[in-house]
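Source file upload-v4.tsv; content: TSV, C-alpha atoms.
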```tsv
chain	number	residue	atom	x	y	z
A	1	MET	CA	18.17	-9.20	-16.13
A	2	LYS	CA	15.15	-11.42	-15.48
A	3	ASN	CA	14.05	-8.91	-12.86
A	4	VAL	CA	13.75	-6.00	-15.29
A	5	LYS	CA	10.17	-6.99	-16.12
A	6	TYR	CA	9.25	-6.60	-12.44
A	7	LEU	CA	10.91	-3.19	-12.38
A	8	VAL	CA	8.78	-2.16	-15.37
A	9	LEU	CA	5.56	-3.57	-13.84
A	10	GLY	CA	6.40	-1.77	-10.59
A	11	ALA	CA	6.88	1.48	-12.50
A	12	LEU	CA	3.45	1.04	-14.11
A	13	PHE	CA	1.94	0.44	-10.67
A	14	GLY	CA	3.69	3.58	-9.42
A	15	LEU	CA	2.21	5.52	-12.33
A	16	ILE	CA	-1.30	4.29	-11.50
A	17	LEU	CA	-0.89	5.04	-7.77
A	18	ILE	CA	-0.15	8.67	-8.68
A	19	LYS	CA	-2.67	9.04	-11.53
A	20	ALA	CA	-5.49	7.66	-9.35
A	21	GLU	CA	-4.23	9.67	-6.35
A	22	VAL	CA	-4.59	6.57	-4.19
A	23	MET	CA	-1.24	7.32	-2.52
A	24	SER	CA	-2.73	10.59	-1.27
A	25	TRP	CA	-3.26	11.01	2.47
A	26	PHE	CA	-6.31	13.12	1.62
A	27	ARG	CA	-7.92	10.36	-0.45
A	28	ILE	CA	-7.50	7.89	2.42
A	29	GLN	CA	-9.14	10.35	4.82
A	30	GLU	CA	-11.95	10.86	2.31
A	31	MET	CA	-12.43	7.07	2.14
A	32	PHE	CA	-12.53	6.51	5.89
A	33	ARG	CA	-14.85	9.50	6.32
A	34	LEU	CA	-17.18	7.93	3.70
A	35	GLN	CA	-17.11	11.15	1.72
A	36	ALA	CA	-16.19	9.74	-1.69
A	37	PHE	CA	-16.66	6.57	-3.68
A	38	HIS	CA	-13.25	6.94	-5.38
A	39	MET	CA	-11.13	4.55	-3.24
A	40	TYR	CA	-13.93	1.99	-2.98
A	41	GLY	CA	-14.27	2.10	-6.76
A	42	VAL	CA	-10.53	1.61	-7.28
A	43	ILE	CA	-10.21	-1.29	-4.84
A	44	GLY	CA	-13.52	-2.91	-5.87
A	45	SER	CA	-12.86	-2.78	-9.62
A	46	ALA	CA	-9.26	-3.98	-9.04
A	47	ILE	CA	-10.58	-7.06	-7.19
A	48	ALA	CA	-13.20	-7.71	-9.89
A	49	THR	CA	-10.59	-7.45	-12.66
A	50	GLY	CA	-8.14	-9.63	-10.71
A	51	ALA	CA	-10.81	-12.27	-10.06
A	52	LEU	CA	-11.89	-12.33	-13.73
A	53	SER	CA	-8.23	-12.64	-14.82
A	54	VAL	CA	-7.57	-15.53	-12.45
A	55	PHE	CA	-10.77	-17.22	-13.68
A	56	LEU	CA	-9.59	-16.89	-17.29
A	57	ILE	CA	-6.09	-18.14	-16.40
A	58	LYS	CA	-7.63	-21.27	-14.88
A	59	LYS	CA	-10.24	-21.76	-17.60
A	60	PHE	CA	-7.75	-21.55	-20.46
A	61	ASN	CA	-4.93	-23.16	-18.47
A	62	ILE	CA	-2.65	-20.20	-19.22
A	63	LYS	CA	1.02	-20.77	-18.38
A	64	THR	CA	3.79	-18.44	-17.28
A	65	LEU	CA	6.13	-16.93	-19.90
A	66	SER	CA	8.58	-19.75	-19.25
A	67	GLY	CA	5.83	-22.34	-19.70
A	68	GLU	CA	5.26	-23.34	-16.07
A	69	PRO	CA	1.75	-23.97	-14.73
A	70	ILE	CA	0.43	-21.01	-12.72
A	71	VAL	CA	0.18	-21.64	-8.98
A	72	ILE	CA	-1.86	-19.42	-6.63
A	73	PRO	CA	-0.45	-19.52	-3.08
A	74	VAL	CA	-3.05	-20.50	-0.47
A	75	LYS	CA	-3.40	-18.19	2.54
A	76	LYS	CA	-3.87	-19.77	5.94
A	77	PHE	CA	-6.03	-18.15	8.60
A	78	THR	CA	-4.27	-16.99	11.76
A	79	LYS	CA	-5.32	-14.68	14.60
A	80	GLY	CA	-2.79	-12.29	13.04
A	81	ASN	CA	-5.24	-11.65	10.20
A	82	ILE	CA	-7.43	-9.97	12.83
A	83	ILE	CA	-4.95	-8.38	15.26
A	84	GLY	CA	-2.34	-7.48	12.65
A	85	GLY	CA	-5.10	-6.36	10.31
A	86	LEU	CA	-6.46	-3.91	12.87
A	87	LEU	CA	-2.97	-2.59	13.67
A	88	PHE	CA	-2.26	-2.05	9.98
A	89	GLY	CA	-5.63	-0.29	9.65
A	90	PHE	CA	-4.56	2.13	12.40
A	91	GLY	CA	-1.30	2.83	10.57
A	92	TRP	CA	-3.08	3.13	7.21
A	93	ALA	CA	-5.30	5.94	8.50
A	94	ILE	CA	-2.39	7.76	10.17
A	95	THR	CA	0.17	7.57	7.36
A	96	GLY	CA	-2.39	7.65	4.55
A	97	ALA	CA	-0.49	4.80	2.93
A	98	CYS	CA	-0.19	1.06	2.62
A	99	PRO	CA	3.25	-0.35	1.77
A	100	GLY	CA	3.00	0.22	-2.03
A	101	PRO	CA	1.89	3.85	-1.73
A	102	LEU	CA	4.70	4.48	0.81
A	103	PHE	CA	7.21	3.88	-2.00
A	104	ALA	CA	5.08	6.01	-4.35
A	105	GLN	CA	4.98	8.88	-1.84
A	106	VAL	CA	8.79	8.85	-1.63
A	107	GLY	CA	9.07	8.71	-5.44
A	108	ALA	CA	6.63	11.62	-5.72
A	109	GLY	CA	9.08	13.77	-3.79
A	110	PHE	CA	7.74	13.56	-0.24
A	111	THR	CA	11.18	12.57	1.02
A	112	VAL	CA	10.13	12.76	4.67
A	113	VAL	CA	8.16	9.56	4.06
A	114	LEU	CA	11.58	7.84	4.09
A	115	VAL	CA	11.25	8.15	7.87
A	116	THR	CA	7.87	6.38	7.73
A	117	LEU	CA	9.34	3.72	5.46
A	118	ALA	CA	12.29	3.16	7.80
A	119	SER	CA	9.83	2.82	10.68
A	120	ALA	CA	7.74	0.35	8.67
A	121	ILE	CA	10.90	-1.74	8.12
A	122	ALA	CA	11.57	-1.51	11.87
A	123	GLY	CA	7.99	-2.64	12.54
A	124	THR	CA	8.48	-5.66	10.29
A	125	TRP	CA	11.76	-6.43	12.08
A	126	VAL	CA	10.14	-6.23	15.52
A	127	TYR	CA	7.39	-8.58	14.29
A	128	GLY	CA	10.11	-11.05	13.26
A	129	LEU	CA	11.72	-10.71	16.68
A	130	LEU	CA	8.47	-11.29	18.60
A	131	LYS	CA	6.80	-13.73	16.20
A	132	GLU	CA	7.04	-16.79	18.47
A	133	LYS	CA	5.54	-14.89	21.42
A	134	LEU	CA	2.56	-13.43	19.54
A	135	PRO	CA	-0.81	-15.21	19.26
A	136	HIS	CA	-1.32	-16.77	15.83
B	1	MET	CA	-1.06	13.72	-24.39
B	2	GLU	CA	-3.39	15.91	-22.35
B	3	TRP	CA	-5.51	13.00	-21.08
B	4	ILE	CA	-2.54	11.30	-19.47
B	5	LYS	CA	-1.74	14.42	-17.45
B	6	GLN	CA	-5.20	14.48	-15.89
B	7	PRO	CA	-5.95	12.38	-12.80
B	8	TRP	CA	-7.59	9.08	-13.72
B	9	PRO	CA	-11.07	8.09	-12.52
B	10	TRP	CA	-11.50	4.93	-10.44
B	11	TYR	CA	-12.92	2.91	-13.33
B	12	ILE	CA	-9.67	3.35	-15.28
B	13	ALA	CA	-7.21	2.98	-12.40
B	14	GLY	CA	-8.94	0.11	-10.56
B	15	PRO	CA	-9.03	-2.36	-13.50
B	16	LEU	CA	-5.42	-1.45	-14.37
B	17	ILE	CA	-4.35	-2.30	-10.80
B	18	GLY	CA	-6.35	-5.54	-11.08
B	19	LEU	CA	-4.41	-6.46	-14.22
B	20	ILE	CA	-1.17	-6.47	-12.22
B	21	VAL	CA	-2.42	-9.74	-10.66
B	22	PRO	CA	-2.35	-11.76	-13.93
B	23	ALA	CA	0.67	-9.81	-15.21
B	24	LEU	CA	2.81	-10.96	-12.25
B	25	LEU	CA	1.46	-14.51	-12.42
B	26	ILE	CA	2.21	-14.80	-16.13
B	27	ALA	CA	5.56	-13.02	-15.83
B	28	GLY	CA	6.85	-15.64	-13.41
B	29	ASN	CA	4.30	-17.07	-10.97
B	30	LYS	CA	4.61	-14.12	-8.60
B	31	ALA	CA	1.81	-13.30	-6.16
B	32	PHE	CA	0.95	-9.58	-6.00
B	33	GLY	CA	1.93	-8.32	-2.54
B	34	ILE	CA	4.12	-5.44	-1.49
B	35	SER	CA	4.61	-5.79	2.26
B	36	SER	CA	6.88	-8.82	1.73
B	37	ALA	CA	9.43	-6.37	0.34
B	38	LEU	CA	9.82	-4.94	3.86
B	39	ARG	CA	10.61	-8.44	5.14
B	40	HIS	CA	13.17	-9.00	2.38
B	41	ILE	CA	14.86	-5.70	3.27
B	42	CYS	CA	15.10	-6.90	6.90
B	43	ALA	CA	16.47	-10.28	5.77
B	44	ALA	CA	19.03	-8.62	3.51
B	45	CYS	CA	20.17	-5.81	5.82
B	46	ILE	CA	19.42	-6.64	9.47
B	47	PRO	CA	18.74	-10.40	9.84
B	48	ALA	CA	20.19	-10.38	13.40
B	49	ASN	CA	20.02	-14.17	13.58
B	50	ILE	CA	16.19	-14.03	13.80
B	51	SER	CA	14.71	-17.21	12.28
B	52	PHE	CA	11.94	-15.22	10.51
B	53	PHE	CA	14.65	-13.50	8.47
B	54	LYS	CA	16.77	-16.57	7.76
B	55	TYR	CA	15.82	-17.50	4.21
B	56	ASP	CA	17.25	-16.86	0.78
B	57	TRP	CA	15.87	-13.36	0.18
B	58	ARG	CA	17.74	-13.24	-3.14
B	59	LYS	CA	15.20	-15.71	-4.52
B	60	GLU	CA	12.52	-13.12	-3.73
B	61	SER	CA	14.46	-10.15	-5.05
B	62	TRP	CA	11.87	-9.60	-7.81
B	63	ASN	CA	9.80	-7.95	-5.07
B	64	LEU	CA	12.57	-5.42	-4.40
B	65	PHE	CA	12.78	-4.61	-8.12
B	66	PHE	CA	8.99	-4.16	-8.08
B	67	VAL	CA	9.05	-1.59	-5.23
B	68	GLY	CA	12.06	0.10	-6.83
B	69	GLY	CA	9.91	0.37	-9.94
B	70	ILE	CA	7.05	1.92	-7.94
B	71	THR	CA	9.40	4.62	-6.66
B	72	ILE	CA	10.81	5.36	-10.14
B	73	GLY	CA	7.36	5.23	-11.77
B	74	ALA	CA	5.96	7.66	-9.20
B	75	PHE	CA	8.89	10.03	-9.75
B	76	ILE	CA	8.50	10.01	-13.55
B	77	THR	CA	4.73	10.48	-13.28
B	78	ILE	CA	4.82	13.38	-10.86
B	79	THR	CA	7.64	15.07	-12.80
B	80	PHE	CA	6.44	14.69	-16.39
B	81	LEU	CA	2.89	13.36	-16.45
B	82	SER	CA	0.95	15.42	-13.92
B	83	THR	CA	-0.98	18.65	-13.97
B	84	ASN	CA	0.08	19.32	-10.36
B	85	GLU	CA	-3.32	20.79	-9.64
B	86	PRO	CA	-4.97	20.26	-6.23
B	87	ILE	CA	-6.95	17.01	-5.83
B	88	ASP	CA	-10.66	17.16	-6.51
B	89	LEU	CA	-11.63	16.18	-2.97
B	90	ASN	CA	-15.14	16.25	-1.56
B	91	PRO	CA	-15.50	19.86	-0.24
B	92	GLN	CA	-16.84	18.35	2.98
B	93	THR	CA	-13.53	16.49	3.53
B	94	ILE	CA	-11.62	19.74	3.05
B	95	ALA	CA	-13.97	21.59	5.42
B	96	ASP	CA	-13.66	18.86	8.07
B	97	LEU	CA	-9.85	18.76	7.86
B	98	LYS	CA	-9.66	22.57	7.92
B	99	ALA	CA	-11.70	22.55	11.11
B	100	MET	CA	-9.08	20.17	12.54
B	101	GLY	CA	-6.27	22.57	11.70
B	102	LEU	CA	-4.96	21.59	8.26
B	103	THR	CA	-4.26	24.58	6.03
B	104	SER	CA	-2.70	23.30	2.80
B	105	PHE	CA	-4.65	21.24	0.24
B	106	ASP	CA	-2.52	21.93	-2.85
B	107	GLU	CA	-0.56	18.69	-2.98
B	108	LEU	CA	-1.21	14.96	-2.74
B	109	LEU	CA	-0.09	14.95	0.90
B	110	PRO	CA	-0.79	17.71	3.45
B	111	GLU	CA	2.32	19.88	3.81
B	112	ASP	CA	1.21	20.72	7.34
B	113	ILE	CA	2.08	17.16	8.37
B	114	PHE	CA	4.54	15.82	5.79
B	115	ASN	CA	7.61	18.04	6.05
B	116	TRP	CA	11.07	17.46	7.51
B	117	VAL	CA	10.62	20.08	10.25
B	118	ASN	CA	7.99	17.85	11.84
B	119	VAL	CA	10.39	14.91	12.19
B	120	GLY	CA	11.74	16.30	15.45
B	121	ARG	CA	8.31	17.18	16.82
B	122	PRO	CA	5.63	15.05	18.52
B	123	VAL	CA	3.49	15.20	15.35
B	124	GLY	CA	6.33	13.52	13.43
B	125	LEU	CA	6.73	10.88	16.09
B	126	VAL	CA	3.06	9.96	15.64
B	127	PHE	CA	2.53	10.37	11.88
B	128	PHE	CA	5.89	9.00	10.68
B	129	VAL	CA	7.40	6.81	13.40
B	130	LEU	CA	4.30	5.33	15.06
B	131	GLY	CA	2.27	5.27	11.82
B	132	GLY	CA	5.07	3.61	9.86
B	133	PHE	CA	5.70	1.09	12.65
B	134	LEU	CA	2.02	0.07	12.66
B	135	VAL	CA	2.07	-0.36	8.87
B	136	GLY	CA	5.17	-2.58	8.99
B	137	PHE	CA	4.28	-4.58	12.11
B	138	GLY	CA	0.59	-4.87	11.26
B	139	THR	CA	0.98	-6.00	7.64
B	140	ARG	CA	3.52	-8.67	8.54
B	141	TYR	CA	1.43	-9.91	11.49
B	142	ALA	CA	-1.63	-9.97	9.21
B	143	GLY	CA	0.35	-11.79	6.52
B	144	GLY	CA	-0.14	-9.11	3.89
B	145	CYS	CA	-1.40	-5.65	3.06
B	146	THR	CA	-3.93	-4.10	0.71
B	147	SER	CA	-2.23	-5.60	-2.34
B	148	GLY	CA	-1.58	-9.08	-0.90
B	149	HIS	CA	-4.85	-9.55	0.97
B	150	ALA	CA	-7.43	-7.08	-0.41
B	151	ILE	CA	-6.51	-7.43	-4.09
B	152	MET	CA	-4.60	-10.72	-4.59
B	153	GLY	CA	-6.34	-12.56	-1.74
B	154	LEU	CA	-9.89	-11.47	-2.55
B	155	SER	CA	-9.35	-11.96	-6.31
B	156	THR	CA	-8.61	-15.60	-5.51
B	157	PHE	CA	-11.51	-15.95	-3.03
B	158	GLN	CA	-9.45	-16.68	0.08
B	159	TRP	CA	-11.46	-16.14	3.24
B	160	PRO	CA	-8.49	-15.28	5.53
B	161	SER	CA	-7.93	-12.31	3.19
B	162	LEU	CA	-11.56	-11.25	3.63
B	163	VAL	CA	-11.09	-11.30	7.41
B	164	ALA	CA	-7.85	-9.31	7.11
B	165	THR	CA	-9.38	-6.76	4.71
B	166	CYS	CA	-12.37	-6.18	7.00
B	167	CYS	CA	-9.94	-5.61	9.88
B	168	PHE	CA	-7.86	-3.16	7.78
B	169	MET	CA	-11.03	-1.15	7.14
B	170	ALA	CA	-12.26	-1.40	10.74
B	171	GLY	CA	-8.88	-0.20	12.05
B	172	GLY	CA	-8.87	2.69	9.60
B	173	PHE	CA	-12.39	3.81	10.49
B	174	LEU	CA	-11.61	3.65	14.22
B	175	VAL	CA	-8.46	5.77	13.98
B	176	THR	CA	-9.91	8.26	11.49
B	177	HIS	CA	-12.93	9.02	13.65
B	178	LEU	CA	-11.60	8.52	17.18
B	179	ALA	CA	-7.92	9.48	16.98
B	180	ILE	CA	-7.14	11.74	13.98
B	181	PRO	CA	-8.97	14.80	15.43
B	182	TYR	CA	-6.77	14.53	18.55
B	183	LEU	CA	-3.57	13.62	16.68
B	184	LEU	CA	-3.92	16.75	14.51
B	185	LYS	CA	-3.86	18.86	17.67
B	186	LEU	CA	-0.13	18.01	17.76
B	187	LEU	CA	0.43	20.22	14.68
```
Here is the file; what I need is its structure written in the form of structure tokens.
Amino acid sequence: MKNVKYLVLGALFGLILIKAEVMSWFRIQEMFRLQAFHMYGVIGSAIATGALSVFLIKKFNIKTLSGEPIVIPVKKFTKGNIIGGLLFGFGWAITGACPGPLFAQVGAGFTVVLVTLASAIAGTWVYGLLKEKLPH
Amino acid sequence: MEWIKQPWPWYIAGPLIGLIVPALLIAGNKAFGISSALRHICAACIPANISFFKYDWRKESWNLFFVGGITIGAFITITFLSTNEPIDLNPQTIADLKAMGLTSFDELLPEDIFNWVNVGRPVGLVFFVLGGFLVGFGTRYAGGCTSGHAIMGLSTFQWPSLVATCCFMAGGFLVTHLAIPYLLKLL
């Protein structure tokens, strides 16, 4: 039952992804063709709001619902940030979706995206298989 | 009720997405990031004795509920809370894509590409199989996607996320301008 709140938050995210059309292949093309501010506005204002929220959480020492101190995981730099980042960028432009929007596209009735999703899972699996051999 | 059926502008949607960061932290110390869900699915269904998938994915199952929620939320929204009118794209984008062979601009995704008939054709191999593979392989190799790096990572001022986000954008620009015009010839 403790996971129901994440289901609800996910549903709200799904709602926003549709309402803002950011799961649209067309919007991603528009962004990479520099023909609209829309996607830049969404991502930019999301980062600003997230940063302000994290600042307030730290300033007022806000705790989790169960009273634990909030911990922000630290990300470590690897060469994967560059190589993997570029590869994901290629896939982002082709599919018109990052992982979240892939689920939203399926939910919105584009069932063929299940093939893309299955391939994304396969891609993750192959990364796991090759991890030790890849530069990091 | 009418306002909720209309598409939302960036200055409404962006801050709402940003608020998911504190919502997940306060709900249970969870870091916003979707691509991990793909890893958990691998760990749960096809671990194949690979060390990268040997961990207790059940402890991370909140992430699977979250992506399940995205799917359900998208379904409810498109079914009950949408006008289903074509997107208000820049006319130049439509003109450019028409020149490359796309014909349908009525839905959120181009029907010319995203239909089941294309699965068995070269266009499907590129747009679904190769594209999906790059999303899954690339995000895991990069240690996150747009939510984990661009939003969560940049919100918390982590420079590896800035590097990753710049590479996401660079990769997208490269493919959009150098490859998409040729890939659409497969239609």
> In Å to one decimal, how far is CA of Gly68 in chain B from CA of Pro9 in chain B?
Replying inline: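 CA of Gly68 in chain B lies 25.1 Å from CA of Pro9 in chain B.
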> Near Met152 in chain B, counting only C-alpha atoms, which residues have an atom at most 12 Å away, once you skip same-chain residues fewer than 5 positions from it, shown as a VMD selection string?
Replying inline: (chain A and resid 43 to 44 46 to 54 72 to 75) or (chain B and resid 17 to 25 30 to 34 144 to 147 157 to 162 165)
> Using all atoms listed in the file, which residues sit within 10 Å of Ser119 in chain A once same-chain residues fewer than 5 positions away are excluded, as a PyMOL selection string?
Replying inline: (chain A and resi 113-114+124-125) or (chain B and resi 128-137)
Go ahead and dump the residues you just picked, C-alpha atoms, as a tab-separated table (two decimals), in the frame of the given file.
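And here's again-v4.tsv as it stands now:
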```tsv
chain	number	residue	atom	x	y	z
A	113	VAL	CA	8.16	9.56	4.06
A	114	LEU	CA	11.58	7.84	4.09
A	124	THR	CA	8.48	-5.66	10.29
A	125	TRP	CA	11.76	-6.43	12.08
B	128	PHE	CA	5.89	9.00	10.68
B	129	VAL	CA	7.40	6.81	13.40
B	130	LEU	CA	4.30	5.33	15.06
B	131	GLY	CA	2.27	5.27	11.82
B	132	GLY	CA	5.07	3.61	9.86
B	133	PHE	CA	5.70	1.09	12.65
B	134	LEU	CA	2.02	0.07	12.66
B	135	VAL	CA	2.07	-0.36	8.87
B	136	GLY	CA	5.17	-2.58	8.99
B	137	PHE	CA	4.28	-4.58	12.11
```
>> Please compute the CA of Thr93 in chain B-CA of Thr71 in chain B distance, one decimal, in Å.
In response: 27.8 Å
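CA of Ala13 in chain B sits 12.3 Å away from CA of Met23 in chain A.
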>> Within 10 Å of (-6.0, -12.6, 8.1) in the file's own coordinates, which protein, DNA or RNA residues have an atom, counting only C-alpha atoms? List them as JSON, numbers by chain.
In response: {"A": [75, 76, 77, 78, 79, 80, 81, 82, 83, 84, 85, 86, 136], "B": [139, 141, 142, 143, 144, 145, 149, 153, 158, 159, 160, 161, 162, 163, 164, 165, 166, 167, 168]}
> Could you pull the residues within 10 Å of Ile70 in chain B, counting all atoms listed in the file, minus those fewer than 3 positions along the same chain, as a PyMOL selection string?
Replying inline: (chain A and resi 6-18+100-108) or (chain B and resi 64-67+73-76)
Could you save the residues just selected, with C-alpha atoms, as an mmCIF file, keeping the file's coordinate frame?
```cif
data_model
loop_
_atom_site.group_PDB
_atom_site.id
_atom_site.type_symbol
_atom_site.label_atom_id
_atom_site.label_comp_id
_atom_site.auth_asym_id
_atom_site.auth_seq_id
_atom_site.Cartn_x
_atom_site.Cartn_y
_atom_site.Cartn_z
ATOM 1 C CA TYR A 6 9.250 -6.600 -12.440
ATOM 2 C CA LEU A 7 10.910 -3.190 -12.380
ATOM 3 C CA VAL A 8 8.780 -2.160 -15.370
ATOM 4 C CA LEU A 9 5.560 -3.570 -13.840
ATOM 5 C CA GLY A 10 6.400 -1.770 -10.590
ATOM 6 C CA ALA A 11 6.880 1.480 -12.500
ATOM 7 C CA LEU A 12 3.450 1.040 -14.110
ATOM 8 C CA PHE A 13 1.940 0.440 -10.670
ATOM 9 C CA GLY A 14 3.690 3.580 -9.420
ATOM 10 C CA LEU A 15 2.210 5.520 -12.330
ATOM 11 C CA ILE A 16 -1.300 4.290 -11.500
ATOM 12 C CA LEU A 17 -0.890 5.040 -7.770
ATOM 13 C CA ILE A 18 -0.150 8.670 -8.680
ATOM 14 C CA GLY A 100 3.000 0.220 -2.030
ATOM 15 C CA PRO A 101 1.890 3.850 -1.730
ATOM 16 C CA LEU A 102 4.700 4.480 0.810
ATOM 17 C CA PHE A 103 7.210 3.880 -2.000
ATOM 18 C CA ALA A 104 5.080 6.010 -4.350
ATOM 19 C CA GLN A 105 4.980 8.880 -1.840
ATOM 20 C CA VAL A 106 8.790 8.850 -1.630
ATOM 21 C CA GLY A 107 9.070 8.710 -5.440
ATOM 22 C CA ALA A 108 6.630 11.620 -5.720
ATOM 23 C CA LEU B 64 12.570 -5.420 -4.400
ATOM 24 C CA PHE B 65 12.780 -4.610 -8.120
ATOM 25 C CA PHE B 66 8.990 -4.160 -8.080
ATOM 26 C CA VAL B 67 9.050 -1.590 -5.230
ATOM 27 C CA GLY B 73 7.360 5.230 -11.770
ATOM 28 C CA ALA B 74 5.960 7.660 -9.200
ATOM 29 C CA PHE B 75 8.890 10.030 -9.750
ATOM 30 C CA ILE B 76 8.500 10.010 -13.550
#
```
>> I need the residue nearest chain B from this list: A:Val22, A:Val112, A:Met1, A:Met31. Use only C-alpha atoms for the distance.
In response: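 Closest to chain B of all the choices is A:Val112.
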